[in-house]
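Take a look at the structure set out below.
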Protein chains: 2
Amino acid sequence: MDFGIPRELSDLQKERTLYQPVPPPCLQGTTVRVEFGDGTTTADASDAHTISRSFPLTYGQPLVHFLRATAQVPDAKIIQEHPVIRVGVVFSGRQSPGGHNVIWGLYDAIKCHNPNSTLLGFVGGTDGLFALQTLEVTEKVLSTYKNQGGYDMLGRSKDQIRTTEQVNAALAACQALKLDALVIIGGVTSNTDAAQLAETFAEKKCPTKVVGVPVTLNGDLKNQFVETDVGFDTICKVNSQLISNVCTDALSAEKYYYFIRLMGRKASHVALECTLQSHPNMVILGEEVAASKLTLFDLTIQICDSVQARAEQNKYHGVILLPEGLIESIPEVYALLQEIHGLHKQGVSVESMSSQLSPWASALFEFLPPFIRKQLLLHPESDDSAQLSQIETEKLLAQLVEDEMNKRLKEGTYTGKKFNAICHFFGYQARGSLPSKFDCDYAYVLGHVSYHLIAANLNGYMATVTNLKNPVAKWRCGGAPITAMMTVRRYARGPGVIPIGKPAVHPATVDLRGKAYELLRQNAVSYLTDDIYRNPGPLQFEGPGSDAKPISLCVEDQDYMGRIKKLQEYLDKVKSIVKPGCSQDVLKAALSAMSSVTDILSVMTAPSFSSQTPF
Amino acid sequence: MDFGIPRELSDLQKERTLYQPVPPPCLQGTTVRVEFGDGTTTADASDAHTISRSFPLTYGQPLVHFLRATAQVPDAKIIQEHPVIRVGVVFSGRQSPGGHNVIWGLYDAIKCHNPNSTLLGFVGGTDGLFALQTLEVTEKVLSTYKNQGGYDMLGRSKDQIRTTEQVNAALAACQALKLDALVIIGGVTSNTDAAQLAETFAEKKCPTKVVGVPVTLNGDLKNQFVETDVGFDTICKVNSQLISNVCTDALSAEKYYYFIRLMGRKASHVALECTLQSHPNMVILGEEVAASKLTLFDLTIQICDSVQARAEQNKYHGVILLPEGLIESIPEVYALLQEIHGLHKQGVSVESMSSQLSPWASALFEFLPPFIRKQLLLHPESDDSAQLSQIETEKLLAQLVEDEMNKRLKEGTYTGKKFNAICHFFGYQARGSLPSKFDCDYAYVLGHVSYHLIAANLNGYMATVTNLKNPVAKWRCGGAPITAMMTVRRYARGPGVIPIGKPAVHPATVDLRGKAYELLRQNAVSYLTDDIYRNPGPLQFEGPGSDAKPISLCVEDQDYMGRIKKLQEYLDKVKSIVKPGCSQDVLKAALSAMSSVTDILSVMTAPSFSSQTPF
């Protein structure tokens, strides 16, 4: 395959290659100040022990903030030396718009600090890494890939670096190529692999530092340190445009219900954001279904009741969104998938699988239409989860709803027009899109941050940029140990996920207590009945809308890194006020206040307060 | 249903409502000059008699050109009087982006010439017309629909005005509402209906004038007078964006063949334009298949050979486009569809249909996968053609190709990786899009032209704007009798189309001798093997790409109306040079030259030269 070759671009693509993202002030110029924060822990204190045991060398490392050289922070040091370095970069997992810009930002930062340094791209993804297939990234190679979609500058292949064989191959490659650092661009599984690789490298005294970058269209690499992922904004914009077009279509033709399934794996972030953008009539979030333990039958009845209520208003059209992970969130289907997955592991052939299911799983299996049966039996993905993109949940639900509506029509409990459904799966057509301006900027800045993590000699970190809802000039740049983003699942959830008890960066599900979900709930009735469809329009690069960011990012009040810094300031201030020599009264007041603060926090962080649900 | 109510718009939608298309100079101001050209004939001279017999009152009317008031044309008159008029407007057929702008342009032109005139929109399409359900179009009603997609300001329903009952209902409605004119917005079938309605109105001495406007995403209302249709540009841009994204995806993941079916009815205009925009690996035009009489088996082998050739270059990905009408272009499937259609007409139930097929049709039917069988048996559309949007030809071909590749793999004649296909249908997600700038302008100007046709008291005309590849200021505005666009089919083509021998505006197929197709042929090998994918990007409203027009429109050297005028100039010039009193030599030279010209033209227009193929 020919990678990295210049290619013919359309006028718009050409214009986009000329767009130059500007890093925030803290990363401008060649002198960047590094401030080390406190050593990190994990969101759930009870996981700390397990994680620290699995990652003895990379757990508990401090948070890192990058500040402008002139910043007034006493302990922050400026990294003065920028020796010649060799860095490798690899795409891992599903392509996500903006991936190329991470490489571009990394390249610019490397070259700006030492023009003799080298950036090697592994071609064909992790397979290229194992096989030492590299392409030196140059200005020429980058020229037609700046601000462009896809991963085709380098390509991608298998999505993991997990088995002992793979880890050893990666180690051998980094040693053979004398890499000072390896940057892994990917989502939750790729970053879990990155953390494992960092630990192994440290253990084997391999000098290569491993850095992860959060790039995934699913938007599910989300935690205290990571507000959103590269690609999520673009995917939601492209999908919202199409959903809105379908809404307009529904309202014009007035005769169809559109069932639209959205790519995004287990979590429903894409579906939630698209709903807030386009205002379709209904969305069924996997997290809601799992939390309420709704069965396939419950869901069908719920949709049918809505269809019937709309028919009473003389409305025979509608748009219903489903996340691709929905199917795994339905309890009985999930259990069936687990059985199938178990049989796959035992090497049972697809043909004889149905006969080996438990009686209840077999009953459900036989109830399902043949096309779904075939799809449920597909071999699992490289991360051992079900092949969600291939399971046409939208068709299954549309058919069950149609059957139920026909039944009601026959029984006379429904007297409206015949129910007509049209199904869509929106996924592949968004993944390759030109990245939005936000994703171009975010990815480019993350590339820069990756360089500074390498220059600071850090291993097992993820590049982070926070305060993203504000303009680029206010973005905070830094890094956090990937281990600080890990959790340990004590219950299995989802067929074939990371084994129970093994620390991993898990996909974040939609927070049902979060502000984005609250916004949805407030408007759900109005969306359902009033057809207040909204069209954000096609992704724009100039004019109105071109600077828009995800609604879910903007309503969620994040800036964790900013708050961590603010807290440090308060603590420092207490120290500086209550210096030896201050009055007894001041000291007493400080003691009393601080004792109450620590009491509250101790209670809040005790294991029983843990937010982890068996989910 | 609540039509025409103001609604919540996104920032981009709001910005778009502020965009004001500017009509070309010939339509600016309140004084427009009307020039009547010669009486019209038909493209195929042998059809003239049949058409004139069916349309005794509206056939042969002259071409009309609108010129600026200051134009130096002796015979053109300025319409001075603009009495108060009442005009009705109706959407008929599949919604197409830009439809709302026709109404806006019509409204502006009506109000600019007489503020007391009224524009009534029929709500819910032709059903609203039959039932006299109207909504007065006002500035307020229009406010949130300017430059917006869909037909939802008024809605649409059944797509025809054809049966005696329907025609009588339309007549009664126009009389009851005292309409001076009825403007019908739609594609080939709707405009055929418009012509029939005009004839009937003339015959019944109903004073309502009927005007048709070419609005259809299929791009198949194309003839001497109509260069393209409102909506076609937008549809191709939205689809090309998605196709290009999928191409990028294919090149990034390197493991899938994407089969993409495109909405656009029988003709392959959308597929051709999208191919020229995005450069996918393959496109299978229905017109090519029909012309070469390729069977389903031939097509499968052709695709498999290409897949195999690419595999030899180590390429296991690709993108293949299919028009939705392809299925009808495959001879044996077409014959099967005709049999099924015949059985539908006889009232045979779907269940017992397969048993009543002829032996060979039955054999083909049984060979096809069950999902396709079910789809082929669906009830026909309102224009009696097959429900093309519901027949998943892409899945059929993908499956046949997969079967054949597996067979070759087993036999050892193919030794590459396993063939993987992913299928898409792009249609509904484009139809509701915000219209492109070109479609906004074109539709708005057509709305103005419709008014001037009404002011000139013309009946049975279609509004036309030509020279579209040039800037708006150079567009030529006019009108042509719809009857001049009709042809008579002497062979049936497509299940249940207009009965043989009945004049109609037929969908124009892709011209295999045209320049757009030539461009495709020149590049086909390169597209297939070199992966020179091109991404026109999302539809832009500002910056590069926002003024782009369809490639097929730009490469085709049209401007028929301009040439008709040019010819008139030459004829006038000959007359003015060869005036009584000129020399004998000049007269002799003129005679000799003109005699040779007329000889050539007579031979060229003789029936045997007719371009009509049994197609």
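Following the order of the structure tokens, chains are lettered A, B, ..., residues in each are numbered from 1, and ligands are numbered from 1.
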
Counting only C-alpha atoms, chain B residues within 8 Å of chain A, as an MDAnalysis selection string: chainID B and resid 1 7:13 15 94:95 149:157 241:249 251:254 314:315 428:434 532:545

Mind the document's chain letters and residue numbers, and return as an NGL selection string the residues of region 6-158 of chain B that DSSP labels strand (DSSP E or B). :B and (32-39 or 62-68 or 77-78 or 86-91 or 118-122 or 134-136)

Rounded to one decimal place, report the CA of Leu132 (chain A)-CA of Ala173 (chain A) distance in Å.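 Separating CA of Leu132 (chain A) from CA of Ala173 (chain A) is a distance of 5.8 Å.
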
Near-Ser306 (chain A) list (9 Å; only C-alpha atoms; drop same-chain fewer than 4 positions) as a PDB file with C-alpha atoms, in the first residue's frame:
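Writing done, so here's result.pdb:
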ATOM      1  CA  ILE A 301     -44.705  -1.140  23.917  1.00  0.00           C
ATOM      2  CA  GLN A 302     -43.157   2.201  24.868  1.00  0.00           C
ATOM      3  CA  ARG A 310     -48.991  10.857  17.896  1.00  0.00           C
ATOM      4  CA  ALA A 311     -51.555   9.211  15.639  1.00  0.00           C
ATOM      5  CA  LEU A 528     -41.926  13.701  21.214  1.00  0.00           C
ATOM      6  CA  THR A 529     -45.135  15.568  20.578  1.00  0.00           C
TER       7      THR A 529
END

Work out how far apart CA of Leu119 (chain A) and CA of Val87 (chain A) are and give it in Å to one decimal. 4.9 Å

For Phe55 (chain A), please output as JSON, numbers by chain all residues within 9 Å (counting only C-alpha atoms; exclusion window: fewer than 2 positions along the same chain). {"A": [50, 51, 52, 53, 57, 58, 59, 195, 196, 199, 200, 483]}

Selection export as a compact mmCIF listing (two decimals), in the first residue's frame, atoms kept: N, CA, C and O atoms:
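Below is the file that was written, result-v9.txt:
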# COMPACT_ATOMS: atom_id res chain seq x y z
N THR A 50 -5.71 -2.22 43.89
CA THR A 50 -5.59 -3.16 42.76
C THR A 50 -4.77 -2.54 41.64
O THR A 50 -3.91 -3.20 41.04
N ILE A 51 -5.06 -1.27 41.33
CA ILE A 51 -4.38 -0.63 40.21
C ILE A 51 -2.89 -0.45 40.53
O ILE A 51 -2.03 -0.72 39.68
N SER A 52 -2.61 -0.03 41.74
CA SER A 52 -1.20 0.21 42.08
C SER A 52 -0.41 -1.10 42.06
O SER A 52 0.76 -1.13 41.75
N ARG A 53 -1.10 -2.21 42.37
CA ARG A 53 -0.41 -3.50 42.33
C ARG A 53 -0.12 -3.91 40.88
O ARG A 53 0.92 -4.49 40.58
N LEU A 57 5.06 0.67 38.74
CA LEU A 57 6.01 1.70 38.32
C LEU A 57 5.35 2.95 37.75
O LEU A 57 5.97 4.00 37.67
N THR A 58 4.13 2.83 37.28
CA THR A 58 3.52 3.99 36.63
C THR A 58 2.29 4.51 37.38
O THR A 58 1.70 5.51 36.97
N TYR A 59 1.90 3.84 38.46
CA TYR A 59 0.74 4.33 39.21
C TYR A 59 1.16 5.45 40.17
O TYR A 59 2.26 5.43 40.71
N ALA A 195 -1.12 2.15 28.58
CA ALA A 195 -0.71 2.13 29.98
C ALA A 195 0.05 0.85 30.30
O ALA A 195 1.07 0.85 30.98
N GLN A 196 -0.45 -0.26 29.78
CA GLN A 196 0.19 -1.55 30.02
C GLN A 196 1.59 -1.57 29.40
O GLN A 196 2.54 -2.07 30.00
N GLU A 199 4.05 0.46 31.46
CA GLU A 199 4.48 -0.28 32.64
C GLU A 199 5.52 -1.34 32.27
O GLU A 199 6.56 -1.47 32.91
N THR A 200 5.21 -2.05 31.17
CA THR A 200 6.15 -3.09 30.72
C THR A 200 7.50 -2.48 30.33
O THR A 200 8.56 -3.01 30.69
N THR A 483 -3.17 5.51 34.38
CA THR A 483 -3.63 4.67 35.50
C THR A 483 -4.64 5.40 36.37
O THR A 483 -5.50 4.77 36.98

Which residue, A:Gln80, A:Ser190, A:Thr393, A:Thr295, has the smallest gap to Ile260 (chain A) when you use only C-alpha atoms?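 Of all the options, A:Thr393 lies closest to Ile260 (chain A).
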
Could you pull the residues within 6 Å of Ala443 (chain A), counting only C-alpha atoms, minus those fewer than 4 positions along the same chain, as a short mmCIF file (atom, residue, chain, number, x, y, z; two decimals) with C-alpha atoms, in the first residue's frame?
data_model
loop_
_atom_site.label_atom_id
_atom_site.label_comp_id
_atom_site.auth_asym_id
_atom_site.auth_seq_id
_atom_site.Cartn_x
_atom_site.Cartn_y
_atom_site.Cartn_z
CA GLY A 98 -8.95 14.71 13.40
CA ASN A 101 -3.95 16.60 13.18
CA VAL A 102 -2.53 14.91 16.28
CA VAL A 230 -11.03 14.03 19.07
CA ASP A 439 -11.61 18.78 16.26
#

Would you mind reading off the distance between CA of Val167 (chain B) and CA of Lys204 (chain B), one decimal, in Å? 11.5 Å
